[in-house]
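Structure file protein-v9.txt (compact mmCIF, C-alpha atoms) follows.
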```txt
# COMPACT_ATOMS: atom_id res chain seq x y z
CA MET A 1 195.89 133.72 175.15
CA ARG A 2 192.22 132.80 175.61
CA ILE A 3 190.35 129.93 173.98
CA SER A 4 188.01 132.42 172.30
CA GLU A 5 190.97 133.85 170.37
CA MET A 6 191.99 130.58 168.75
CA MET A 7 189.00 128.22 168.70
CA THR A 8 187.22 127.20 165.50
CA THR A 9 183.81 128.84 165.41
CA ASP A 10 182.54 127.31 162.16
CA VAL A 11 181.58 124.02 163.77
CA ALA A 12 179.64 121.31 161.97
CA THR A 13 176.93 119.80 164.19
CA VAL A 14 174.05 117.34 164.10
CA THR A 15 170.88 117.03 166.14
CA GLU A 16 169.88 114.11 168.33
CA GLU A 17 167.25 113.09 165.80
CA ALA A 18 169.67 112.90 162.86
CA SER A 19 170.45 109.46 161.46
CA LEU A 20 173.86 107.85 161.67
CA ASN A 21 174.02 108.05 157.88
CA LYS A 22 173.62 111.82 158.17
CA ALA A 23 176.34 111.99 160.82
CA PHE A 24 178.73 109.97 158.67
CA GLN A 25 178.04 112.27 155.72
CA VAL A 26 178.73 115.42 157.73
CA LEU A 27 182.00 114.02 159.10
CA HIS A 28 183.07 112.98 155.60
CA ASP A 29 182.16 116.28 153.98
CA ARG A 30 183.76 118.46 156.66
CA ARG A 31 186.71 116.12 157.28
CA HIS A 32 186.18 116.31 161.03
CA LYS A 33 186.99 113.65 163.61
CA VAL A 34 184.32 114.73 166.11
CA LEU A 35 180.80 115.99 165.72
CA PRO A 36 179.02 117.92 168.48
CA VAL A 37 175.37 117.02 168.99
CA VAL A 38 173.10 119.96 169.71
CA ARG A 39 169.57 120.69 170.79
CA GLY A 40 168.93 124.14 169.42
CA GLU A 41 172.22 125.92 170.21
CA ARG A 42 173.06 123.87 173.30
CA LEU A 43 175.48 120.98 173.39
CA VAL A 44 173.89 117.70 174.48
CA GLY A 45 176.44 115.13 173.33
CA LEU A 46 179.28 114.20 171.04
CA LEU A 47 179.97 111.76 168.24
CA SER A 48 183.45 110.73 167.19
CA GLU A 49 184.78 109.17 164.04
CA ASN A 50 185.91 106.16 166.07
CA LEU A 51 182.56 105.76 167.80
CA LEU A 52 180.70 105.80 164.49
CA ALA A 53 183.11 103.23 163.08
CA GLU A 54 182.37 100.97 166.06
CA VAL A 55 178.60 101.03 165.60
CA ARG A 56 178.66 100.70 161.83
CA PRO A 57 178.29 97.07 160.64
CA SER A 58 181.61 95.65 159.42
CA LYS A 59 182.25 94.47 155.87
CA ALA A 60 182.21 90.90 157.19
CA THR A 61 178.55 91.11 158.14
CA ALA A 62 176.00 88.93 156.39
CA LEU A 63 173.76 91.96 155.93
CA SER A 64 173.28 93.32 152.44
CA VAL A 65 174.23 96.88 151.53
CA TYR A 66 170.52 97.72 151.49
CA GLU A 67 170.06 96.33 155.00
CA ILE A 68 173.11 98.19 156.32
CA ASN A 69 171.87 101.47 154.85
CA TYR A 70 168.43 100.82 156.29
CA LEU A 71 169.88 100.26 159.79
CA MET A 72 172.12 103.33 159.56
CA THR A 73 169.17 105.44 158.46
CA ARG A 74 166.87 104.14 161.20
CA THR A 75 169.44 104.45 164.01
CA LYS A 76 169.44 107.92 165.54
CA VAL A 77 172.38 109.90 166.84
CA ARG A 78 170.80 109.97 170.33
CA ASP A 79 171.08 106.17 170.50
CA VAL A 80 174.89 106.06 170.26
CA MET A 81 176.23 109.53 171.15
CA ILE A 82 178.41 110.27 174.17
CA LYS A 83 176.08 112.14 176.50
CA LEU A 84 176.96 115.62 177.75
CA GLU A 85 177.84 114.49 181.27
CA ASP A 86 180.63 112.34 179.79
CA VAL A 87 181.93 115.00 177.37
CA PHE A 88 185.00 117.04 178.32
CA THR A 89 184.34 120.71 177.53
CA ILE A 90 185.93 124.09 178.13
CA ARG A 91 184.76 127.72 178.43
CA PRO A 92 185.72 130.39 175.86
CA ASP A 93 187.40 132.54 178.53
CA ALA A 94 189.73 129.71 179.64
CA LEU A 95 193.45 129.98 178.93
CA VAL A 96 195.08 128.01 176.13
CA GLU A 97 197.28 126.16 178.64
CA GLU A 98 194.12 124.92 180.38
CA ALA A 99 192.96 123.42 177.09
CA ALA A 100 196.37 121.83 176.49
CA LEU A 101 196.30 120.26 179.97
CA ALA A 102 192.73 118.99 179.49
CA LEU A 103 193.52 117.46 176.10
CA TYR A 104 196.60 115.75 177.52
CA THR A 105 195.02 114.62 180.80
CA HIS A 106 191.88 113.17 179.21
CA ASP A 107 193.70 111.89 176.10
CA VAL A 108 191.22 113.47 173.68
CA GLY A 109 191.78 115.24 170.39
CA SER A 110 189.37 118.12 170.84
CA LEU A 111 187.16 119.99 173.30
CA PRO A 112 183.78 121.57 172.54
CA VAL A 113 183.75 125.18 173.76
CA ILE A 114 180.56 126.10 175.58
CA GLN A 115 179.22 129.10 177.47
CA ALA A 116 177.88 128.87 181.04
CA ASP A 117 174.36 128.11 179.74
CA GLY A 118 175.62 125.22 177.58
CA THR A 119 175.53 127.10 174.27
CA LEU A 120 178.09 125.70 171.84
CA VAL A 121 180.32 128.50 170.53
CA GLY A 122 183.28 126.63 169.08
CA ILE A 123 185.70 123.75 169.30
CA ILE A 124 189.42 123.58 170.06
CA THR A 125 191.68 120.79 168.82
CA GLN A 126 195.22 119.54 169.27
CA THR A 127 196.09 121.29 166.02
CA ASP A 128 194.95 124.61 167.51
CA ILE A 129 197.24 123.98 170.49
CA PHE A 130 200.16 123.32 168.14
CA LYS A 131 199.42 126.63 166.38
CA ALA A 132 199.35 128.41 169.73
CA PHE A 133 202.72 126.89 170.70
CA ILE A 134 204.21 127.98 167.37
CA SER A 135 202.92 131.50 167.99
CA LEU A 136 204.02 131.66 171.64
CA MET A 137 207.54 130.48 170.84
CA GLY A 138 207.89 132.62 167.72
CA VAL A 139 208.74 129.66 165.51
CA ASN A 140 207.43 131.48 162.44
CA HIS A 141 209.54 134.61 162.96
CA LYS A 142 213.07 135.23 161.77
CA GLY A 143 215.73 135.78 164.41
CA THR A 144 217.87 133.67 166.69
CA ARG A 145 217.00 131.08 169.32
CA LEU A 146 219.20 131.13 172.40
CA ALA A 147 219.02 128.26 174.89
CA ILE A 148 220.42 129.14 178.31
CA GLU A 149 220.70 126.64 181.14
CA VAL A 150 220.77 128.25 184.58
CA ALA A 151 220.03 127.49 188.22
CA ASN A 152 216.57 128.21 189.61
CA ASP A 153 217.74 131.45 191.17
CA VAL A 154 215.38 134.31 191.96
CA GLY A 155 215.69 137.08 189.37
CA ILE A 156 217.73 135.10 186.83
CA VAL A 157 215.29 135.75 183.98
CA ALA A 158 215.31 139.48 184.78
CA LYS A 159 219.12 139.42 184.75
CA ILE A 160 219.18 137.76 181.33
CA SER A 161 216.63 140.24 180.01
CA ARG A 162 218.71 143.21 181.19
CA ILE A 163 221.82 141.89 179.46
CA VAL A 164 219.94 141.41 176.18
CA ALA A 165 218.37 144.88 176.48
CA ASP A 166 221.78 146.46 177.17
CA ALA A 167 222.94 144.98 173.87
CA GLY A 168 220.13 146.90 172.14
CA VAL A 169 218.26 143.76 171.14
CA ASN A 170 214.58 142.94 171.63
CA ILE A 171 213.34 139.63 173.03
CA GLY A 172 210.45 138.62 170.81
CA HIS A 173 209.51 135.42 172.64
CA ILE A 174 210.60 133.63 175.79
CA GLY A 175 210.01 130.19 177.24
CA ASN A 176 211.06 128.55 180.49
CA TYR A 177 211.53 124.79 180.89
CA ASP A 178 211.91 123.23 184.33
CA LYS A 179 214.77 120.73 184.67
CA GLY A 180 214.59 120.06 188.39
CA GLU A 181 217.36 122.01 190.09
CA LYS A 182 218.00 123.88 186.86
CA GLN A 183 215.91 125.52 184.18
CA GLU A 184 216.37 126.15 180.49
CA VAL A 185 215.46 129.65 179.38
CA VAL A 186 214.80 129.85 175.65
CA LEU A 187 214.85 133.26 173.99
CA ARG A 188 213.90 134.32 170.49
CA VAL A 189 215.74 137.56 169.78
CA ASP A 190 215.13 139.81 166.80
CA THR A 191 218.61 139.59 165.30
CA HIS A 192 220.97 137.11 163.67
CA ASP A 193 224.06 138.76 165.16
CA THR A 194 224.11 137.49 168.73
CA SER A 195 227.85 137.51 169.41
CA GLU A 196 227.64 140.55 171.73
CA ILE A 197 224.75 139.02 173.68
CA VAL A 198 226.45 135.63 174.04
CA ASN A 199 229.71 137.22 175.20
CA ALA A 200 227.92 139.45 177.72
CA LEU A 201 225.95 136.52 179.12
CA GLU A 202 229.01 134.35 179.50
CA GLU A 203 230.95 137.20 181.13
CA ALA A 204 228.13 137.34 183.67
CA GLY A 205 228.58 133.62 184.35
CA ILE A 206 225.51 132.60 182.30
CA LYS A 207 226.22 129.76 179.86
CA VAL A 208 224.52 129.75 176.47
CA SER A 209 224.11 126.08 175.54
CA ASP A 210 222.71 126.48 172.03
CA VAL A 211 222.42 129.18 169.36
CA GLN A 212 220.36 128.73 166.21
CA ALA A 213 219.45 131.36 163.63
CA PHE A 214 216.13 131.03 161.79
CA ALA A 215 214.57 132.61 158.76
CA ARG A 216 210.79 132.84 158.59
CA ILE A 217 209.28 129.40 158.02
CA SER A 218 207.07 129.48 154.94
CA GLY A 219 203.56 128.19 155.54
CA ALA A 220 203.92 127.85 159.30
```
Let me see whether you can do it: turn the structure in this file into structure tokens.
Amino acid sequence: MRISEMMTTDVATVTEEASLNKAFQVLHDRRHKVLPVVRGERLVGLLSENLLAEVRPSKATALSVYEINYLMTRTKVRDVMIKLEDVFTIRPDALVEEAALALYTHDVGSLPVIQADGTLVGIITQTDIFKAFISLMGVNHKGTRLAIEVANDVGIVAKISRIVADAGVNIGHIGNYDKGEKQEVVLRVDTHDTSEIVNALEEAGIKVSDVQAFARISGA
């Protein structure tokens, strides 16, 4: 799955010359936590909800509301934004797992998506990654989840797949979790009657550690 398939393309932005008051208003109206800063169509920086909160005078200040508004109107986005060279970005043709790794490694909530020439084309967030995980693991599809713990033997996943296919059942989704010397293979099969599959796997010396049937999750 590519970033271009799951990113948000309707991205709210501000220019470098916009005031901090304008930036606050856009974040409030769009309920975003980050705000890309653009020059034309190209990304030049980033504002975050936390950064704006840091530069906004606190309620304990001796300044009047009028003075605070004046300062926020006079201060430009360019004066406080995170400059492009310090912004973590990603390309639209990157894989979703690359975005997940970047978000985790850099401990950020979102990544602006830019083309090679710097044109902003979208943004991808942690929420988008969660949606991708739900889709990849088939969480929103009815069927049965089988968890199978096996050794890291060559061809073990193919062996499991053949057994399931011989039972006339389709594997809708599959995941593989490394546990050192062992691995957990998680299958989502398109049936609630898995007794034949479980028996066949165990007869082949493959232990099924968990079986859970799921209906479609409403709203997921």
**Report entry** Selected residue of minimal separation from His192 of chain A among A:Thr15, A:Thr144, A:Asn176, A:Ser209, counting only C-alpha atoms
**Finding:** A:Thr144
Query raised in the report: Please, what distance in Å, to one decimal, runs between atom CA of Glu16 of chain A and atom CA of Met81 of chain A?
Result: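 Separating atom CA of Glu16 of chain A from atom CA of Met81 of chain A is a distance of 8.3 Å.
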Report task. Tell me which protein, DNA and RNA residues are within 9 Å of Ala102 of chain A, counting all atoms listed in the file, leaving out same-chain ones fewer than 6 positions away, and put them as a list in words. Result ->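 That gives Phe88, Thr89, Ile90, Val108 and Leu111 of chain A.
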Query raised in the report: Closest to Asp153 of chain A among A:Ala99, A:Ile206, A:Ala12, A:Leu52, using all atoms listed in the file?
Result: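 With all atoms listed in the file as the atom set, the closest residue is A:Ile206.
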Query raised in the report: For the atom pair atom CA of Ile174 of chain A and atom CA of Met137 of chain A, what is the interatomic distance in Å to one decimal place?
Result: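 So the two atoms, atom CA of Ile174 of chain A and atom CA of Met137 of chain A, lie 6.6 Å apart.
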**Report entry** Surrounding residues of Ala116 of chain A excluding itself and chain neighbours under 3 positions, 12 Å, all atoms listed in the file, as a list in words
**Finding:**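 Near neighbours after the sequence-gap exclusion: Arg42, Leu43, Thr89, Ile90, Arg91, Pro92, Asp93, Ala94, Val113, Thr119, Leu120 and Val121 of chain A.
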Query raised in the report: Quick one: of A:His173, A:Arg2, A:Lys207, A:Lys179, who's nearest to Ile148 of chain A, counting only C-alpha atoms?
Result: A:Lys207
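Using only C-alpha atoms, the smallest distance between any of A:Asp193, A:Glu85, A:Glu17, A:Glu49 and Gly118 of chain A comes from A:Glu85.
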Query raised in the report: In Å, how far is it from atom CA of Leu20 of chain A to atom CA of Ser110 of chain A?
Result: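 Atom CA of Ser110 of chain A lies at a distance of 20.7 Å from atom CA of Leu20 of chain A.
Minimum atom-to-atom distances from A:Gly122, A:Ala151, A:Glu196, A:Val157 to Thr9 of chain A were compared using only C-alpha atoms, and the lowest value belongs to A:Gly122.
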Query raised in the report: Looking at A:Leu201, A:Val44, A:Ile123, A:Ala23, which one is nearest to Ile82 of chain A, with distances taken over all atoms listed in the file?
Result: A:Val44
Report task. For Leu95 of chain A, list every protein, DNA or RNA residue within 10 Å, evaluated using only C-alpha atoms, and leave out those in the same chain fewer than 5 positions away; present the list as a ChimeraX atom specification. Result -> /A:1-5,90,100
Write the residues of the selection above to a file with C-alpha atoms, as a short mmCIF file (atom, residue, chain, number, x, y, z; two decimals), in the coordinates of the input.
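Generated file (part_20.cif):
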```
data_model
loop_
_atom_site.label_atom_id
_atom_site.label_comp_id
_atom_site.auth_asym_id
_atom_site.auth_seq_id
_atom_site.Cartn_x
_atom_site.Cartn_y
_atom_site.Cartn_z
CA MET A 1 195.89 133.72 175.15
CA ARG A 2 192.22 132.80 175.61
CA ILE A 3 190.35 129.93 173.98
CA SER A 4 188.01 132.42 172.30
CA GLU A 5 190.97 133.85 170.37
CA ILE A 90 185.93 124.09 178.13
CA ALA A 100 196.37 121.83 176.49
#
```
Expected axis-aligned box over every listed atom of segment 34-38 of chain A, 8 Å added per side, centre plus edges in Å to one decimal, as JSON:
```
{"center_x": 178.7, "center_y": 117.3, "center_z": 167.7, "size_x": 27.2, "size_y": 21.2, "size_z": 20.0}
```
